[in-house]
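Data file: entry26.cif. Format and content: mmCIF, C-alpha atoms.
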```cif
data_target
loop_
_atom_site.label_atom_id
_atom_site.label_comp_id
_atom_site.auth_asym_id
_atom_site.auth_seq_id
_atom_site.Cartn_x
_atom_site.Cartn_y
_atom_site.Cartn_z
CA MET A 1 128.32 110.36 -34.79
CA SER A 2 127.61 110.66 -31.11
CA ASP A 3 130.24 110.17 -28.45
CA THR A 4 133.17 110.26 -30.80
CA HIS A 5 135.94 112.68 -30.08
CA HIS A 6 135.74 115.59 -32.49
CA ASP A 7 139.15 116.67 -33.65
CA HIS A 8 139.77 120.07 -32.17
CA PRO A 9 143.14 121.59 -33.05
CA PRO A 10 144.88 123.12 -30.04
CA ASP A 11 145.03 126.54 -31.69
CA ALA A 12 141.33 126.60 -32.60
CA PRO A 13 139.09 128.86 -30.54
CA PRO A 14 137.33 127.12 -27.64
CA THR A 15 133.98 125.57 -28.40
CA HIS A 16 130.78 126.79 -26.77
CA TYR A 17 130.90 124.10 -24.08
CA GLN A 18 134.58 124.63 -23.38
CA ARG A 19 133.66 128.25 -22.68
CA MET A 20 130.73 127.05 -20.60
CA GLU A 21 133.08 124.92 -18.49
CA ILE A 22 135.30 127.95 -17.85
CA ALA A 23 132.34 130.23 -17.14
CA LEU A 24 130.60 127.83 -14.76
CA ARG A 25 133.83 127.00 -12.93
CA GLU A 26 134.77 130.67 -12.50
CA ILE A 27 131.32 131.59 -11.20
CA LEU A 28 131.30 128.70 -8.73
CA MET A 29 134.79 129.64 -7.52
CA ALA A 30 133.75 133.26 -7.13
CA LYS A 31 130.84 132.04 -5.00
CA SER A 32 133.31 129.99 -2.91
CA VAL A 33 131.58 126.72 -3.82
CA PHE A 34 135.05 125.32 -4.47
CA THR A 35 138.59 126.60 -4.98
CA PRO A 36 141.01 126.25 -7.88
CA ASP A 37 143.00 123.84 -5.69
CA ASP A 38 139.91 121.68 -5.19
CA VAL A 39 139.52 121.37 -8.96
CA ARG A 40 143.21 120.64 -9.47
CA ARG A 41 143.18 117.92 -6.80
CA GLU A 42 140.16 116.22 -8.35
CA VAL A 43 141.71 116.36 -11.83
CA GLU A 44 144.96 114.89 -10.55
CA ALA A 45 143.14 112.17 -8.63
CA MET A 46 141.17 111.17 -11.71
CA GLU A 47 144.28 111.22 -13.89
CA GLY A 48 145.86 108.87 -11.35
CA ARG A 49 143.06 106.31 -11.57
CA SER A 50 143.46 103.54 -14.12
CA ALA A 51 142.61 99.93 -14.79
CA GLY A 52 145.98 99.11 -13.24
CA THR A 53 144.19 99.26 -9.89
CA GLY A 54 141.62 96.67 -10.91
CA ALA A 55 144.45 94.59 -12.38
CA ARG A 56 146.26 94.54 -9.02
CA LEU A 57 143.10 93.29 -7.31
CA VAL A 58 142.70 90.52 -9.89
CA ALA A 59 146.34 89.43 -9.64
CA ARG A 60 146.04 89.23 -5.84
CA ALA A 61 142.83 87.21 -6.19
CA TRP A 62 144.58 84.79 -8.55
CA VAL A 63 147.32 84.00 -6.04
CA ASP A 64 145.33 84.26 -2.79
CA PRO A 65 142.04 82.29 -2.64
CA ALA A 66 141.06 83.81 0.72
CA PHE A 67 141.49 87.32 -0.73
CA LYS A 68 139.48 86.30 -3.77
CA ALA A 69 136.64 85.14 -1.52
CA ARG A 70 136.64 88.50 0.28
CA LEU A 71 136.84 90.40 -3.02
CA LEU A 72 133.85 88.53 -4.43
CA ASP A 73 131.93 89.15 -1.22
CA ASP A 74 132.60 92.91 -1.15
CA ALA A 75 135.08 94.48 -3.54
CA ARG A 76 135.28 97.59 -1.39
CA LEU A 77 136.74 95.64 1.53
CA GLY A 78 139.11 93.81 -0.79
CA ALA A 79 140.24 97.12 -2.28
CA ALA A 80 140.65 98.69 1.15
CA GLU A 81 142.94 95.82 2.18
CA MET A 82 145.28 96.91 -0.60
CA GLY A 83 145.09 100.56 0.38
CA ILE A 84 142.72 101.49 -2.44
CA PRO A 85 140.02 104.01 -1.46
CA PRO A 86 136.66 102.31 -1.94
CA GLY A 87 134.72 105.13 -3.61
CA PRO A 88 131.04 105.92 -3.24
CA TYR A 89 129.56 102.86 -4.95
CA ARG A 90 129.51 99.19 -4.07
CA VAL A 91 131.45 97.26 -6.71
CA LEU A 92 130.30 93.73 -7.46
CA VAL A 93 132.98 91.44 -8.87
CA MET A 94 131.77 88.82 -11.34
CA GLU A 95 134.02 85.79 -11.65
CA ASN A 96 134.63 84.15 -15.01
CA THR A 97 134.94 80.37 -15.01
CA ALA A 98 135.49 77.68 -17.64
CA THR A 99 131.71 77.62 -18.19
CA LEU A 100 130.65 81.24 -17.56
CA HIS A 101 131.89 84.53 -19.00
CA ASN A 102 130.71 87.91 -17.69
CA MET A 103 130.44 91.18 -19.62
CA ILE A 104 129.48 94.62 -18.27
CA VAL A 105 127.40 97.37 -19.90
CA CYS A 106 125.34 100.33 -18.75
CA THR A 107 122.57 100.80 -21.30
CA LEU A 108 121.04 103.92 -19.70
CA CYS A 109 124.19 105.97 -19.18
CA SER A 110 127.78 104.93 -18.50
CA CYS A 111 127.99 103.53 -14.95
CA TYR A 112 131.56 102.31 -14.49
CA PRO A 113 133.76 101.46 -11.50
CA ARG A 114 135.83 104.62 -11.94
CA VAL A 115 137.73 104.25 -8.68
CA LEU A 116 139.11 100.86 -9.76
CA LEU A 117 139.33 101.37 -13.55
CA GLY A 118 139.62 105.12 -14.17
CA LEU A 119 137.41 106.92 -16.67
CA PRO A 120 135.58 104.64 -19.11
CA PRO A 121 136.75 104.41 -22.73
CA ALA A 122 134.74 106.31 -25.34
CA TRP A 123 133.25 103.12 -26.77
CA TYR A 124 131.84 102.12 -23.37
CA LYS A 125 129.98 105.45 -23.23
CA GLY A 126 128.90 105.30 -26.87
CA THR A 127 125.50 104.23 -28.08
CA ALA A 128 126.79 101.41 -30.33
CA TYR A 129 128.14 99.37 -27.40
CA ARG A 130 125.33 100.33 -25.02
CA SER A 131 122.58 99.39 -27.46
CA ARG A 132 124.05 96.16 -28.82
CA ALA A 133 125.79 94.62 -25.77
CA VAL A 134 122.48 93.39 -24.34
CA ARG A 135 120.99 92.12 -27.59
CA GLU A 136 123.88 90.68 -29.59
CA PRO A 137 126.71 90.44 -27.08
CA ARG A 138 128.50 87.62 -28.88
CA ALA A 139 128.64 89.69 -32.06
CA VAL A 140 130.05 92.59 -30.05
CA LEU A 141 132.67 90.32 -28.47
CA ALA A 142 133.61 89.09 -31.94
CA GLU A 143 134.21 92.70 -32.99
CA PHE A 144 136.65 92.94 -30.09
CA GLY A 145 138.39 89.86 -31.54
CA PHE A 146 137.02 87.58 -28.83
CA ALA A 147 135.33 84.40 -30.10
CA LEU A 148 133.55 82.99 -27.07
CA ALA A 149 132.89 79.23 -27.38
CA ASP A 150 129.26 78.15 -27.42
CA ASP A 151 129.82 75.84 -24.45
CA VAL A 152 130.64 78.88 -22.31
CA ALA A 153 127.54 80.69 -21.08
CA LEU A 154 127.67 84.45 -21.53
CA ARG A 155 126.16 86.60 -18.80
CA VAL A 156 125.69 90.29 -19.60
CA HIS A 157 125.25 92.65 -16.65
CA ASP A 158 123.27 95.82 -17.31
CA SER A 159 124.44 98.15 -14.58
CA THR A 160 121.47 100.49 -14.38
CA ALA A 161 121.46 101.75 -10.85
CA ASP A 162 123.33 101.81 -7.59
CA MET A 163 125.96 99.11 -8.16
CA ARG A 164 129.13 99.07 -10.20
CA TYR A 165 130.57 95.91 -11.75
CA MET A 166 134.00 94.53 -12.48
CA VAL A 167 134.87 91.21 -14.08
CA LEU A 168 137.36 88.82 -12.50
CA PRO A 169 138.90 87.21 -15.62
CA MET A 170 140.25 83.66 -15.64
CA ARG A 171 143.91 83.23 -14.88
CA PRO A 172 145.66 82.27 -18.12
CA ALA A 173 147.31 78.89 -18.36
CA GLY A 174 151.09 78.85 -18.26
CA THR A 175 151.40 81.42 -15.47
CA GLU A 176 152.21 79.05 -12.63
CA GLY A 177 154.67 80.58 -10.23
CA TRP A 178 154.28 84.11 -11.60
CA SER A 179 154.44 87.00 -9.17
CA GLU A 180 151.44 89.25 -8.56
CA GLU A 181 153.22 92.05 -10.39
CA GLU A 182 153.80 89.89 -13.46
CA LEU A 183 150.25 88.57 -13.39
CA ALA A 184 148.80 92.09 -13.15
CA ARG A 185 150.38 92.88 -16.53
CA LEU A 186 148.10 90.27 -18.11
CA VAL A 187 144.96 91.99 -16.81
CA THR A 188 143.80 94.59 -19.32
CA ARG A 189 141.04 97.12 -18.88
CA ASP A 190 139.03 95.31 -21.53
CA SER A 191 139.31 92.03 -19.59
CA LEU A 192 137.92 93.81 -16.50
CA ILE A 193 134.90 94.98 -18.54
CA GLY A 194 134.57 91.49 -20.01
CA VAL A 195 135.06 92.24 -23.71
CA ALA A 196 138.34 90.29 -23.75
CA PRO A 197 140.07 87.54 -21.79
CA ALA A 198 143.22 88.30 -19.84
CA LEU A 199 146.29 88.45 -22.08
CA ASP A 200 147.95 85.25 -23.17
CA PRO A 201 151.33 85.03 -21.41
CA GLN A 202 153.01 84.30 -24.75
CA ALA A 203 151.51 87.47 -26.23
CA LEU A 204 152.92 89.43 -23.34
CA GLY A 205 156.29 87.80 -23.89
CA ARG A 206 156.24 88.81 -27.54
CA ALA A 207 155.18 92.34 -26.66
CA SER A 208 158.02 92.79 -24.19
CA ASP A 209 160.48 91.25 -26.68
CA ALA A 210 159.34 93.77 -29.25
CA ALA A 211 159.60 96.60 -26.75
CA GLY A 212 163.04 95.45 -25.57
CA MET B 1 93.73 101.62 -15.55
CA LYS B 2 95.13 98.13 -15.25
CA GLU B 3 98.54 97.71 -16.75
CA GLN B 4 98.82 95.47 -19.75
CA HIS B 5 101.42 92.74 -19.83
CA ALA B 6 103.41 92.17 -22.96
CA PRO B 7 102.02 89.16 -24.77
CA PRO B 8 104.73 86.63 -25.59
CA GLU B 9 104.84 87.65 -29.23
CA ALA B 10 104.97 91.39 -28.54
CA ARG B 11 108.64 91.65 -27.77
CA HIS B 12 109.37 94.87 -29.54
CA LEU B 13 111.13 97.36 -27.38
CA THR B 14 108.70 100.04 -26.35
CA ASP B 15 105.35 98.98 -27.70
CA GLY B 16 105.06 102.35 -29.40
CA HIS B 17 105.56 104.30 -26.17
CA PRO B 18 108.01 107.18 -26.08
CA VAL B 19 111.18 106.58 -24.10
CA GLY B 20 114.20 108.79 -23.62
CA ALA B 21 116.96 109.07 -26.20
CA HIS B 22 119.36 107.72 -23.55
CA ASP B 23 117.45 104.43 -23.16
CA VAL B 24 119.20 102.63 -26.01
CA GLY B 25 119.49 99.03 -24.78
CA GLY B 26 118.52 96.57 -27.53
CA ARG B 27 118.31 99.09 -30.34
CA PRO B 28 120.10 98.22 -33.55
CA GLY B 29 123.43 99.96 -33.86
CA PRO B 30 126.64 100.15 -35.84
CA ARG B 31 129.92 98.41 -35.08
CA VAL B 32 131.62 99.51 -31.89
CA GLU B 33 134.26 102.12 -32.75
CA LYS B 34 137.24 101.37 -30.57
CA ASP B 35 139.26 104.50 -31.36
CA GLU B 36 140.38 106.07 -28.14
CA HIS B 37 141.65 109.54 -27.35
CA PRO B 38 143.06 110.85 -24.12
CA HIS B 39 140.71 113.16 -22.26
CA ALA B 40 141.31 116.89 -22.60
CA LEU B 41 141.87 119.04 -19.51
CA TRP B 42 138.51 120.75 -19.86
CA GLU B 43 136.83 117.32 -19.79
CA TYR B 44 138.64 116.40 -16.58
CA ARG B 45 137.51 119.74 -15.14
CA VAL B 46 133.87 119.03 -15.97
CA ASP B 47 134.27 115.70 -14.24
CA ALA B 48 135.92 117.41 -11.27
CA MET B 49 133.05 119.91 -10.97
CA MET B 50 130.57 117.05 -10.89
CA LEU B 51 132.47 115.39 -8.03
CA LEU B 52 132.94 118.64 -6.10
CA LEU B 53 129.31 119.70 -6.43
CA SER B 54 128.17 116.22 -5.36
CA ALA B 55 130.48 116.28 -2.34
CA ARG B 56 128.99 119.65 -1.31
CA GLY B 57 125.42 118.45 -1.54
CA LEU B 58 124.67 120.64 -4.56
CA LEU B 59 124.14 117.82 -7.06
CA THR B 60 123.16 114.16 -7.21
CA THR B 61 124.10 111.67 -9.90
CA ASP B 62 120.43 111.08 -10.63
CA GLU B 63 119.81 114.79 -11.00
CA LEU B 64 122.72 115.11 -13.44
CA ARG B 65 121.33 112.19 -15.43
CA ARG B 66 117.88 113.79 -15.52
CA HIS B 67 119.35 117.01 -16.90
CA ILE B 68 121.35 115.06 -19.51
CA GLU B 69 118.19 113.24 -20.55
CA GLY B 70 116.42 116.61 -20.67
CA LEU B 71 118.82 117.81 -23.37
CA GLY B 72 116.75 115.78 -25.82
CA ALA B 73 117.48 113.39 -28.64
CA GLY B 74 119.48 115.94 -30.61
CA ALA B 75 122.05 116.13 -27.83
CA TYR B 76 123.02 112.51 -28.41
CA GLU B 77 123.71 113.15 -32.07
CA GLY B 78 125.19 116.61 -31.86
CA MET B 79 127.16 116.74 -28.65
CA GLU B 80 130.17 114.97 -27.20
CA TYR B 81 129.93 113.15 -23.90
CA TYR B 82 131.44 115.89 -21.73
CA GLU B 83 129.57 118.58 -23.65
CA ARG B 84 126.38 116.91 -22.46
CA TRP B 85 127.74 116.78 -18.93
CA CYS B 86 128.73 120.44 -19.06
CA ALA B 87 125.33 121.53 -20.37
CA ALA B 88 123.61 119.40 -17.72
CA LEU B 89 125.78 120.80 -14.92
CA ALA B 90 124.86 124.34 -15.98
CA ALA B 91 121.17 123.39 -16.13
CA ALA B 92 121.34 121.79 -12.69
CA MET B 93 123.00 124.83 -11.14
CA ILE B 94 120.38 127.13 -12.66
CA ASP B 95 117.64 124.77 -11.50
CA ARG B 96 118.99 124.87 -7.94
CA GLY B 97 119.47 128.62 -7.99
CA VAL B 98 123.23 128.30 -7.43
CA VAL B 99 123.78 130.41 -10.53
CA THR B 100 121.38 132.41 -12.68
CA ALA B 101 121.12 132.14 -16.42
CA ASP B 102 122.00 135.83 -16.66
CA GLU B 103 125.23 135.34 -14.68
CA LEU B 104 126.20 132.46 -16.91
CA GLY B 105 125.39 134.36 -20.10
CA ARG B 106 127.46 137.37 -19.06
CA LYS B 107 130.37 135.19 -17.95
CA LEU B 108 130.28 133.27 -21.23
CA ALA B 109 130.59 136.57 -23.14
CA GLU B 110 133.46 137.65 -20.88
CA VAL B 111 135.28 134.35 -21.43
CA ALA B 112 134.91 134.72 -25.21
CA ALA B 113 135.98 138.39 -25.15
CA ARG B 114 139.30 137.71 -23.43
CA GLU B 115 140.36 135.08 -25.95
CA PRO B 116 143.35 136.22 -27.98
CA MET C 1 111.31 109.77 9.67
CA SER C 2 111.19 107.91 6.43
CA ALA C 3 108.67 105.32 5.40
CA GLN C 4 109.88 101.77 4.97
CA ALA C 5 111.37 101.01 1.58
CA PHE C 6 109.25 99.22 -1.00
CA GLY C 7 109.90 95.54 -0.55
CA ALA C 8 111.78 95.88 2.74
CA ALA C 9 109.14 93.96 4.69
CA ASP C 10 108.42 91.36 2.03
CA PRO C 11 111.27 91.18 -0.44
CA PHE C 12 111.23 88.80 -3.37
CA ALA C 13 113.29 85.74 -2.50
CA VAL C 14 116.37 84.82 -4.47
CA GLY C 15 115.14 82.38 -7.11
CA ALA C 16 111.62 83.83 -7.23
CA ALA C 17 110.06 84.44 -10.63
CA VAL C 18 109.31 88.13 -11.13
CA ARG C 19 107.81 90.15 -13.93
CA VAL C 20 109.02 93.64 -14.78
CA ARG C 21 106.00 95.92 -14.84
CA LEU C 22 105.01 97.05 -18.31
CA SER C 23 104.72 100.72 -17.52
CA TRP C 24 105.74 103.87 -19.37
CA PRO C 25 106.01 106.70 -16.86
CA PRO C 26 107.60 110.02 -17.79
CA GLY C 27 110.55 111.36 -15.80
CA HIS C 28 113.87 109.83 -14.85
CA ILE C 29 113.45 106.05 -14.95
CA ARG C 30 116.11 103.46 -14.15
CA THR C 31 114.32 100.43 -15.60
CA PRO C 32 115.43 100.05 -19.23
CA ALA C 33 112.57 99.99 -21.73
CA TYR C 34 113.77 96.80 -23.39
CA ILE C 35 113.26 94.66 -20.27
CA ARG C 36 109.78 95.87 -19.29
CA GLY C 37 107.14 93.17 -19.39
CA HIS C 38 109.66 90.34 -19.21
CA VAL C 39 109.84 87.56 -16.63
CA GLY C 40 113.08 86.63 -14.90
CA THR C 41 114.31 85.21 -11.62
CA VAL C 42 115.80 87.10 -8.70
CA ALA C 43 119.55 86.46 -8.67
CA ALA C 44 120.47 88.72 -5.73
CA ASN C 45 118.95 91.13 -3.23
CA LEU C 46 121.16 94.22 -3.21
CA GLY C 47 119.45 95.98 -0.33
CA ALA C 48 117.16 99.00 -0.07
CA HIS C 49 118.22 102.24 -1.73
CA PRO C 50 116.66 105.70 -1.95
CA ASN C 51 114.49 105.88 -5.05
CA PRO C 52 116.56 107.47 -7.87
CA GLU C 53 113.39 108.36 -9.78
CA GLU C 54 112.66 110.80 -6.92
CA ILE C 55 116.23 111.88 -6.15
CA ALA C 56 116.52 113.03 -9.75
CA PHE C 57 113.93 115.70 -8.92
CA ARG C 58 115.71 116.79 -5.75
CA ARG C 59 113.49 114.92 -3.36
CA SER C 60 114.67 112.59 -0.62
CA GLY C 61 114.12 109.34 -2.44
CA GLN C 62 112.13 108.10 0.56
CA PRO C 63 110.52 105.68 0.77
CA GLY C 64 113.35 103.80 -0.87
CA SER C 65 113.07 100.56 -2.78
CA VAL C 66 114.84 97.22 -2.54
CA LEU C 67 117.16 96.70 -5.49
CA TYR C 68 117.56 93.28 -7.07
CA ARG C 69 119.70 91.74 -9.74
CA VAL C 70 117.15 89.95 -11.91
CA ARG C 71 118.31 87.28 -14.35
CA PHE C 72 116.67 86.81 -17.74
CA ARG C 73 117.19 84.21 -20.41
CA GLN C 74 118.54 85.91 -23.51
CA ASP C 75 116.59 83.63 -25.86
CA VAL C 76 113.38 84.66 -24.08
CA VAL C 77 114.08 88.40 -24.09
CA TRP C 78 115.15 88.35 -27.74
CA PRO C 79 113.39 85.71 -29.87
CA ASP C 80 116.04 86.21 -32.57
CA TYR C 81 118.90 85.88 -30.08
CA ARG C 82 122.05 84.36 -31.51
CA GLY C 83 123.78 82.26 -28.89
CA PRO C 84 123.27 79.24 -26.67
CA ALA C 85 120.21 78.91 -24.43
CA SER C 86 122.51 79.19 -21.41
CA ASP C 87 123.25 82.88 -22.12
CA THR C 88 121.69 85.23 -19.60
CA LEU C 89 121.19 88.91 -18.92
CA ASP C 90 121.31 90.37 -15.40
CA VAL C 91 119.57 93.73 -14.91
CA GLU C 92 119.34 95.78 -11.72
CA ILE C 93 115.68 96.50 -11.02
CA TYR C 94 113.95 98.12 -8.04
CA HIS C 95 111.19 96.40 -6.09
CA HIS C 96 108.48 98.84 -7.15
CA TRP C 97 109.12 97.88 -10.78
CA LEU C 98 108.55 94.16 -10.12
CA GLU C 99 105.61 91.90 -9.41
CA ALA C 100 105.41 88.21 -8.59
CA ALA C 101 105.15 85.99 -11.66
CA GLY C 102 104.40 82.34 -12.19
CA ALA C 103 107.10 80.07 -13.48
CA ALA C 104 109.45 81.91 -15.83
CA ARG C 105 108.58 81.35 -19.44
#
```
Take the structure from the file and write it as structure tokens.
Amino acid sequence: MSDTHHDHPPDAPPTHYQRMEIALREILMAKSVFTPDDVRREVEAMEGRSAGTGARLVARAWVDPAFKARLLDDARLGAAEMGIPPGPYRVLVMENTATLHNMIVCTLCSCYPRVLLGLPPAWYKGTAYRSRAVREPRAVLAEFGFALADDVALRVHDSTADMRYMVLPMRPAGTEGWSEEELARLVTRDSLIGVAPALDPQALGRASDAAG
Amino acid sequence: MKEQHAPPEARHLTDGHPVGAHDVGGRPGPRVEKDEHPHALWEYRVDAMMLLLSARGLLTTDELRRHIEGLGAGAYEGMEYYERWCAALAAAMIDRGVVTADELGRKLAEVAAREP
Amino acid sequence: MSAQAFGAADPFAVGAAVRVRLSWPPGHIRTPAYIRGHVGTVAANLGAHPNPEEIAFRRSGQPGSVLYRVRFRQDVVWPDYRGPASDTLDVEIYHHWLEAAGAAR
């Protein structure tokens, strides 16, 4: 099936495209298009990006209405305020409310706010999600374990072009007085794509009990 | 010729016209497989090359997408995500004359020959 | 010098009813097939951008095209849609892919 990760044992010989990656990179370095350090820096930067960044923005927006207004107006400015490099694309933040839930897909490729969320998960890039999210989004949400009530309108955003999208999930009940850091732990990557709500604070409590 | 508008009842996806294998919105599909694996180093490096080439004015996102779409329908069934990216990067560099196919072919053989 | 972007002088207003052109060009196209021919309303004007259908072939992308977020009713796009009538679908579409429509169906 497409887009699934083929198991490739570490001691197996490289695949054709793994060799291609090495060959292309070595030729481009020999031509001084870039250096090994350039590649290493980009790899490290991408490894450092994660949905934790988007979660920090959401937690700030939950506690600071003025910041939320600026974030909704232009996520790049909101991110810059928190020292987060804005990246090349404008990111539009879609706010969930009691009557509207937002969900993001890119049907043509895999547009994703990589600066704020890191690399997209395999399912986001796969054809199953991309084909079905626009046509039967409630069925897709149900497969993620998310039963959206019929009195909440669902808005799917097909990100086909020059914008990137992030969802601002609703702040869960029972989190009054929580710090930004605590709140950020409730904001999962999936909630920023819109295939899940933010975590229930009781679920988080159980998870940390289990971990502790 | 004047374009035809879809009559209200003709809501099928492409009206019989060919569209790219990448243009999958609305097609029937299987359940979403949520298995996740960490990315391998070579995948990060493909990603890094895309960013570096873009920053140097040697690639655009739209050009990369065109080359991915040019891999054809079989690529979606037979190749992983970053395999498609890697093949498209190579095609784009050949298209721009940054590398030649011959250089790439010889280097591929060299890479394979030095494997233990 | 670049020509003015499509729609820059006379953009569709937010709230206007627009129809996605039913067209099947070859090449690199950013308007998904499933939405062509459908009528929606302009939800946002996202500004003029170089035309990606040209950039993909290593041209300048000029003249550019105004990009909109166009909102469609799910139960109109998909007659067999399962969900409330309030469910919507927002798609980014460039000006040159749109034409004025009457009231949305």
- Please write as a PyMOL selection string the full residue list that the PyMOL selection byres ((chain A) within 8 of (chain B)) yields on this file. chain A and resi 1-6+13+17-25+27-28+33-34+38-39+42-43+46+107-109+121-123+125+127-135+140+143
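Straight-line separation from atom CA of Ile104 of chain A to atom CA of His157 of chain A: 4.9 Å.
As for atom CA of Ala203 of chain A and atom CA of Ser179 of chain A, they are spaced 17.3 Å apart.
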- Message: Excluding Arg36 of chain C and its own-chain neighbours fewer than 4 positions away, which residues fall within 8 Å of it when counting only C-alpha atoms? Please give them as a VMD selection string.
- Response: chain C and resid 20 to 23 31 to 32
- Item | Atomic separation - atom CA of Tyr165 of chain A relative to atom CA of Leu92 of chain A, Å | 4.8 Å
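Within the file as shown, the PyMOL selection byres ((chain C and resi 66) around 7) identifies Ala5, Phe6, Gly7, Ala8, Gly47, Ala48, His49, Gly64, Ser65, Leu67, Tyr68, Tyr94 and His95 of chain C.
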For the structure just given, write the atoms of segment 136-150 of chain A, namely C-alpha atoms, as a tab-separated table (two decimals), in the first residue's frame.
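Printed below is out22.tsv as written:
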```
chain	number	residue	atom	x	y	z
A	136	GLU	CA	-16.67	11.60	4.62
A	137	PRO	CA	-14.87	13.60	7.28
A	138	ARG	CA	-17.13	12.50	10.11
A	139	ALA	CA	-16.41	8.85	9.33
A	140	VAL	CA	-12.69	9.64	9.33
A	141	LEU	CA	-13.00	11.42	12.69
A	142	ALA	CA	-14.84	8.39	14.07
A	143	GLU	CA	-11.90	6.21	13.03
A	144	PHE	CA	-9.71	8.49	15.12
A	145	GLY	CA	-12.09	7.82	18.02
A	146	PHE	CA	-13.66	11.27	17.80
A	147	ALA	CA	-17.47	11.30	17.66
A	148	LEU	CA	-18.36	14.86	16.69
A	149	ALA	CA	-21.91	15.82	17.73
A	150	ASP	CA	-24.33	16.66	14.95
```
